[in-house]
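See structure below.
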Amino acid sequence: MAPRKLAAGNWKMNGTLAALAEIDRLLADHPQPGCDVLLCPPATLVHAAAARAGHIAIGGQDCHAQASGAHTGDIAAAQLVDAGASHVIIGHSERRSDHGETDIQIAAKAVAAHQAGLVAVICVGETEAQRDAGQTLDVISAQLAGSMPEGATAANTVIAYEPVWAIGTGRTPTSDQIAEVHALMRQRLSDRFADGGDVALLYGGSVKPGNAAEIFAIPHVNGALVGGASLKAQDFGPIIAALSAA
Ligand code: 13P
């Protein structure tokens with residue numbers, strides 16, 4: 001089994017009900033894409049999005065490690081499932097920086113996601129200072145080792161490599177830099193998990209219609225986690241098309 005191709009959109013803290021019209025447009029423009037498509041809208045929109053998403057999977061952007069309890073403002077994995085989600089982003093760098101999430105907490109959230117039946121999209125990525133200091137491969141190795149729980153499989157886990165300095169900046173690594181990290185991730189996953197060769201590996205960070213095809217041609221890049229360019233069907237659609245053709 002080869003890794004499945006996945007075009008994933010992360011709407012972050014953007015969008016109200018009116019934004020769901022973008023899903024209708026994606027469905028109309030791409031009735032049968034040649035890849036899996038996932039959108040992760042804000043939690044307020046998950047239920048309504050799932051009700052009209054057709055073949056597009058819907059995911060949350062975070063979940064709590066506990067199944068329920070006194071955690072004001074948090075969302076349990078089973079609640080995302082109840083709302084119609086099939087996936088959840090875990091350990092995005094904005095969660096790591098805004099909320100101080102650690103690899104240990106992220107692994108616990110991934111376990112909770114798996115127990116609820118969600119696919120966990122676990123994010124890793126170096127800061128610019130870490131890249132400048134030549135620490136990128138060590139940082140990614142440590143984040144992978146710490147953030148992925150023992151029960152991770154190709155069926156319940158996707159990994160997204162998102163260099164922090166490339167997110168929302170319009171800057172992207174060179175193809176060689178992406179290739180180097182993705183080859184390392186594939187090796188680490190294959191070393192640790194029986195089906196590590198089949199886990200989908202996404203690149204994220206300033207993916208646009210104009211650079212998607214080049215990024216999808218890089219070995220071990222099985223798709224993208226897209227922020228800003230996932231908000232509009234006219235931008236996300238060409239990225240879906242580029243991945244379908246890759
Ligand atoms: P941008 O595509 O806006 O750079 O965001 C990437 C990202 O953080 C997706 O999770």
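Chains: A, B, ... in order of the structure tokens. Residues: from 1 per chain. Ligands: from 1, in order shown.
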Checklist entry - Mind checking DSSP for segment 19-243 of chain A and telling me the helix (DSSP H, G or I) residues as an MDAnalysis selection string? => result chainID A and resid 19:29 43:51 77:83 93:98 103:116 128:132 136:147 164:166 175:192 196:198 212:216 228:230 233:243
Let me see the file: selected residues, C-alpha atoms, as a compact mmCIF listing (two decimals), in the first residue's frame.
```txt
# COMPACT_ATOMS: atom_id res chain seq x y z
CA ALA A 19 -17.71 30.56 4.30
CA LEU A 20 -19.31 27.14 3.80
CA ALA A 21 -20.23 28.26 0.29
CA GLU A 22 -16.57 27.59 -0.53
CA ILE A 23 -17.21 23.89 0.18
CA ASP A 24 -20.11 23.90 -2.28
CA ARG A 25 -17.81 25.40 -4.90
CA LEU A 26 -15.09 22.81 -4.29
CA LEU A 27 -17.63 20.00 -4.63
CA ALA A 28 -18.96 21.46 -7.86
CA ASP A 29 -15.52 22.07 -9.36
CA ALA A 43 -14.93 24.13 15.65
CA THR A 44 -18.08 26.24 15.33
CA LEU A 45 -18.41 25.16 11.70
CA VAL A 46 -17.53 21.47 11.91
CA HIS A 47 -21.10 20.21 12.19
CA ALA A 48 -22.53 22.38 9.44
CA ALA A 49 -19.54 21.71 7.20
CA ALA A 50 -19.78 17.95 7.65
CA ALA A 51 -23.46 18.04 6.73
CA ALA A 77 -12.18 14.02 20.30
CA ALA A 78 -15.50 12.18 20.64
CA GLN A 79 -17.31 15.52 20.39
CA LEU A 80 -15.59 16.18 17.06
CA VAL A 81 -16.70 12.74 15.88
CA ASP A 82 -20.22 13.52 17.08
CA ALA A 83 -20.17 16.72 15.01
CA SER A 93 2.96 25.11 15.59
CA GLU A 94 0.40 27.79 16.49
CA ARG A 95 -0.84 25.49 19.27
CA ARG A 96 2.73 24.76 20.28
CA SER A 97 3.58 28.49 20.47
CA ASP A 98 0.23 30.10 21.49
CA ASP A 103 5.40 16.77 22.47
CA ILE A 104 4.13 14.78 25.46
CA GLN A 105 0.80 16.61 25.45
CA ILE A 106 0.52 16.25 21.69
CA ALA A 107 1.11 12.50 21.88
CA ALA A 108 -1.62 12.26 24.55
CA LYS A 109 -4.01 14.18 22.30
CA ALA A 110 -3.18 11.86 19.42
CA VAL A 111 -4.01 8.86 21.61
CA ALA A 112 -7.35 10.50 22.47
CA ALA A 113 -8.02 11.12 18.79
CA HIS A 114 -7.24 7.51 17.90
CA GLN A 115 -9.43 6.18 20.70
CA ALA A 116 -12.32 8.25 19.36
CA GLU A 128 13.94 29.81 11.66
CA ALA A 129 16.50 30.03 14.47
CA GLN A 130 16.68 26.24 14.64
CA ARG A 131 17.20 26.00 10.87
CA ASP A 132 19.87 28.70 10.95
CA THR A 136 16.43 21.08 11.61
CA LEU A 137 16.84 17.31 11.29
CA ASP A 138 17.42 16.87 15.03
CA VAL A 139 14.33 18.98 15.85
CA ILE A 140 12.12 17.04 13.43
CA SER A 141 13.41 13.69 14.70
CA ALA A 142 12.74 14.68 18.30
CA GLN A 143 9.26 16.04 17.55
CA LEU A 144 8.33 12.89 15.62
CA ALA A 145 9.64 10.61 18.35
CA GLY A 146 7.86 12.58 21.06
CA SER A 147 4.58 13.45 19.36
CA VAL A 164 7.39 27.62 11.35
CA TRP A 165 9.13 30.30 9.28
CA ALA A 166 7.23 29.26 6.13
CA SER A 175 12.75 21.54 -2.93
CA ASP A 176 16.00 20.02 -1.66
CA GLN A 177 15.26 21.21 1.88
CA ILE A 178 11.75 19.72 1.80
CA ALA A 179 13.10 16.50 0.27
CA GLU A 180 15.72 16.20 3.01
CA VAL A 181 13.18 16.49 5.82
CA HIS A 182 10.60 14.22 4.18
CA ALA A 183 13.22 11.53 3.53
CA LEU A 184 14.26 11.74 7.17
CA MET A 185 10.64 11.46 8.34
CA ARG A 186 10.02 8.44 6.09
CA GLN A 187 13.13 6.77 7.48
CA ARG A 188 12.19 7.46 11.10
CA LEU A 189 8.64 6.18 10.57
CA SER A 190 9.82 3.05 8.77
CA ASP A 191 12.30 2.36 11.57
CA ARG A 192 9.63 2.62 14.27
CA GLY A 196 5.68 3.53 8.55
CA GLY A 197 6.34 3.49 4.81
CA ASP A 198 2.63 4.03 4.21
CA ALA A 212 1.89 23.19 -5.54
CA ALA A 213 2.94 21.08 -8.53
CA GLU A 214 6.63 21.62 -7.79
CA ILE A 215 6.14 20.66 -4.14
CA PHE A 216 4.07 17.56 -4.99
CA GLY A 228 -4.42 30.79 3.68
CA ALA A 229 -4.87 29.26 0.23
CA SER A 230 -7.50 26.83 1.57
CA ALA A 233 -12.19 27.44 -3.55
CA GLN A 234 -10.51 29.35 -6.37
CA ASP A 235 -7.14 28.88 -4.60
CA PHE A 236 -7.63 25.47 -3.00
CA GLY A 237 -9.16 23.94 -6.13
CA PRO A 238 -5.99 24.23 -8.22
CA ILE A 239 -3.99 22.72 -5.34
CA ILE A 240 -6.37 19.73 -5.31
CA ALA A 241 -5.96 19.47 -9.09
CA ALA A 242 -2.17 19.62 -8.84
CA LEU A 243 -2.10 16.82 -6.27
```
Checklist entry - Do you know which residues are within 7 Å of ligand 1 using only C-alpha atoms and all ligand atoms? Can you write them as a VMD selection string? => result chain A and resid 9 to 10 92 162 166 to 170 204 to 207 225 to 229
Mind dumping the selected residues with N, CA and C atoms as a short mmCIF file (atom, residue, chain, number, x, y, z; two decimals), in the first residue's frame?
```cif
data_model
loop_
_atom_site.label_atom_id
_atom_site.label_comp_id
_atom_site.auth_asym_id
_atom_site.auth_seq_id
_atom_site.Cartn_x
_atom_site.Cartn_y
_atom_site.Cartn_z
N GLY A 9 -6.90 21.33 4.12
CA GLY A 9 -6.98 22.77 4.36
C GLY A 9 -7.21 23.04 5.82
N ASN A 10 -6.49 24.00 6.36
CA ASN A 10 -6.63 24.41 7.76
C ASN A 10 -7.11 25.86 7.76
N HIS A 92 -0.27 21.62 15.95
CA HIS A 92 0.11 22.67 15.00
C HIS A 92 1.06 23.64 15.70
N GLU A 162 5.67 21.30 8.74
CA GLU A 162 5.39 22.71 8.53
C GLU A 162 6.49 23.56 9.18
N ALA A 166 7.88 29.28 7.45
CA ALA A 166 7.23 29.26 6.13
C ALA A 166 5.72 29.46 6.24
N ILE A 167 5.20 29.45 7.47
CA ILE A 167 3.75 29.52 7.65
C ILE A 167 3.27 30.97 7.54
N GLY A 168 2.43 31.22 6.55
CA GLY A 168 1.82 32.53 6.39
C GLY A 168 2.79 33.62 5.96
N THR A 169 3.99 33.24 5.54
CA THR A 169 5.01 34.23 5.21
C THR A 169 5.24 34.40 3.72
N GLY A 170 4.71 33.45 2.91
CA GLY A 170 5.02 33.48 1.49
C GLY A 170 6.39 32.90 1.17
N GLY A 204 3.53 21.62 4.63
CA GLY A 204 2.70 22.80 4.84
C GLY A 204 3.56 24.03 5.08
N GLY A 205 3.07 25.17 4.59
CA GLY A 205 3.78 26.43 4.75
C GLY A 205 3.83 27.16 3.42
N SER A 206 2.89 28.11 3.25
CA SER A 206 2.83 28.94 2.04
C SER A 206 2.68 28.12 0.76
N VAL A 207 1.90 27.02 0.84
CA VAL A 207 1.54 26.30 -0.38
C VAL A 207 0.47 27.11 -1.11
N LEU A 225 -0.71 20.49 3.71
CA LEU A 225 -1.59 21.10 4.70
C LEU A 225 -1.54 22.60 4.42
N VAL A 226 -2.66 23.12 3.96
CA VAL A 226 -2.70 24.47 3.39
C VAL A 226 -3.48 25.40 4.31
N GLY A 227 -2.92 26.55 4.62
CA GLY A 227 -3.61 27.52 5.44
C GLY A 227 -4.35 28.53 4.58
N GLY A 228 -3.75 29.68 4.36
CA GLY A 228 -4.42 30.79 3.68
C GLY A 228 -5.06 30.42 2.35
N ALA A 229 -4.35 29.60 1.56
CA ALA A 229 -4.87 29.26 0.23
C ALA A 229 -5.97 28.19 0.29
#
```
Item to check | Residue list (strand (DSSP E or B), DSSP) for segment 11-194 of chain A, as a PyMOL selection string | outcome: chain A and resi 36-40+57-60+64+76+87-90+119-124+157-161
N, CA, C and O atoms of the current selection, written as a compact mmCIF listing (two decimals), in the first residue's frame:
```txt
# COMPACT_ATOMS: atom_id res chain seq x y z
N ASP A 36 -7.45 12.38 -1.74
CA ASP A 36 -8.35 12.68 -0.62
C ASP A 36 -8.32 14.18 -0.36
O ASP A 36 -7.28 14.83 -0.53
N VAL A 37 -9.45 14.73 0.07
CA VAL A 37 -9.54 16.17 0.38
C VAL A 37 -10.10 16.30 1.80
O VAL A 37 -11.08 15.62 2.15
N LEU A 38 -9.47 17.15 2.57
CA LEU A 38 -9.86 17.38 3.97
C LEU A 38 -9.90 18.88 4.23
O LEU A 38 -8.99 19.60 3.83
N LEU A 39 -10.95 19.33 4.90
CA LEU A 39 -10.99 20.72 5.37
C LEU A 39 -11.18 20.73 6.88
O LEU A 39 -12.02 19.98 7.41
N CYS A 40 -10.40 21.56 7.55
CA CYS A 40 -10.50 21.71 9.00
C CYS A 40 -10.94 23.13 9.31
O CYS A 40 -10.10 24.04 9.46
N ALA A 57 -13.63 15.31 3.44
CA ALA A 57 -13.60 14.99 4.86
C ALA A 57 -13.49 16.28 5.66
O ALA A 57 -12.92 17.28 5.20
N ILE A 58 -14.06 16.26 6.87
CA ILE A 58 -14.01 17.44 7.74
C ILE A 58 -13.26 17.07 9.02
O ILE A 58 -13.46 15.98 9.58
N GLY A 59 -12.41 18.00 9.47
CA GLY A 59 -11.63 17.74 10.68
C GLY A 59 -11.66 18.91 11.63
O GLY A 59 -12.00 20.05 11.25
N GLY A 60 -11.30 18.64 12.88
CA GLY A 60 -11.09 19.69 13.87
C GLY A 60 -9.65 20.19 13.80
O GLY A 60 -8.83 19.66 13.05
N HIS A 64 -8.80 17.80 23.10
CA HIS A 64 -8.23 17.62 24.44
C HIS A 64 -7.78 16.17 24.60
O HIS A 64 -8.28 15.28 23.92
N ALA A 76 -13.45 17.65 23.20
CA ALA A 76 -13.01 16.25 23.23
C ALA A 76 -13.08 15.65 21.84
O ALA A 76 -13.89 16.06 21.00
N HIS A 87 -11.19 13.65 11.10
CA HIS A 87 -9.77 13.95 11.31
C HIS A 87 -9.64 15.04 12.39
O HIS A 87 -10.61 15.77 12.67
N VAL A 88 -8.45 15.19 12.91
CA VAL A 88 -8.15 16.34 13.78
C VAL A 88 -6.67 16.69 13.65
O VAL A 88 -5.81 15.80 13.62
N ILE A 89 -6.39 17.97 13.49
CA ILE A 89 -5.01 18.45 13.50
C ILE A 89 -4.53 18.47 14.96
O ILE A 89 -5.25 18.94 15.84
N ILE A 90 -3.35 17.96 15.17
CA ILE A 90 -2.78 17.91 16.52
C ILE A 90 -1.38 18.54 16.48
O ILE A 90 -0.59 18.24 15.58
N VAL A 119 -8.61 10.31 12.59
CA VAL A 119 -7.26 10.33 12.04
C VAL A 119 -6.57 11.57 12.60
O VAL A 119 -7.09 12.68 12.49
N ALA A 120 -5.41 11.39 13.22
CA ALA A 120 -4.65 12.51 13.78
C ALA A 120 -3.66 13.03 12.74
O ALA A 120 -2.85 12.26 12.21
N VAL A 121 -3.76 14.32 12.44
CA VAL A 121 -2.80 14.97 11.55
C VAL A 121 -1.80 15.69 12.45
O VAL A 121 -2.07 16.78 12.95
N ILE A 122 -0.69 15.03 12.72
CA ILE A 122 0.29 15.53 13.69
C ILE A 122 1.32 16.41 12.99
O ILE A 122 1.89 16.02 11.98
N CYS A 123 1.50 17.63 13.53
CA CYS A 123 2.37 18.61 12.88
C CYS A 123 3.73 18.71 13.57
O CYS A 123 3.81 18.68 14.80
N VAL A 124 4.75 18.85 12.75
CA VAL A 124 6.11 19.10 13.25
C VAL A 124 6.73 20.21 12.41
O VAL A 124 6.25 20.48 11.30
N THR A 157 -3.03 7.97 11.24
CA THR A 157 -2.10 9.09 11.46
C THR A 157 -1.58 9.63 10.13
O THR A 157 -1.26 8.87 9.21
N VAL A 158 -1.51 10.95 10.05
CA VAL A 158 -0.88 11.67 8.94
C VAL A 158 0.13 12.61 9.59
O VAL A 158 -0.14 13.16 10.67
N ILE A 159 1.28 12.80 8.98
CA ILE A 159 2.28 13.73 9.51
C ILE A 159 2.38 14.93 8.58
O ILE A 159 2.46 14.77 7.35
N ALA A 160 2.38 16.13 9.15
CA ALA A 160 2.56 17.34 8.36
C ALA A 160 3.85 18.03 8.79
O ALA A 160 4.02 18.36 9.97
N TYR A 161 4.75 18.22 7.83
CA TYR A 161 5.97 19.00 8.08
C TYR A 161 5.70 20.45 7.72
O TYR A 161 5.48 20.77 6.56
```
Next on the checklist: Between A:Ala155, A:Gly34, A:Leu118, A:Ser244, which residue has the minimum interatomic distance to Asp62 of chain A, considering only C-alpha atoms?
Outcome noted: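 Closest to Asp62 of chain A of all the choices is A:Leu118.
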Checklist entry - What does the distance between atom CA of Arg52 of chain A and atom CA of Asn14 of chain A come to in Å, to one decimal place? => result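 Atom CA of Arg52 of chain A sits 18.4 Å away from atom CA of Asn14 of chain A.
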Checklist entry - Distance atom CA of Gln61 of chain A-atom CA of Ala152 of chain A, one decimal place? => result 18.4 Å
Next on the checklist: What's the separation between atom CA of Gly134 of chain A and atom CA of Phe193 of chain A, in Å to one decimal place?
Outcome noted: 27.0 Å
Item to check | From A:Pro31, A:Pro3, A:Gly151, A:Pro209, residue lying nearest Gly223 of chain A [only C-alpha atoms] | outcome: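 So, comparing all the options, the nearest one is A:Pro3.
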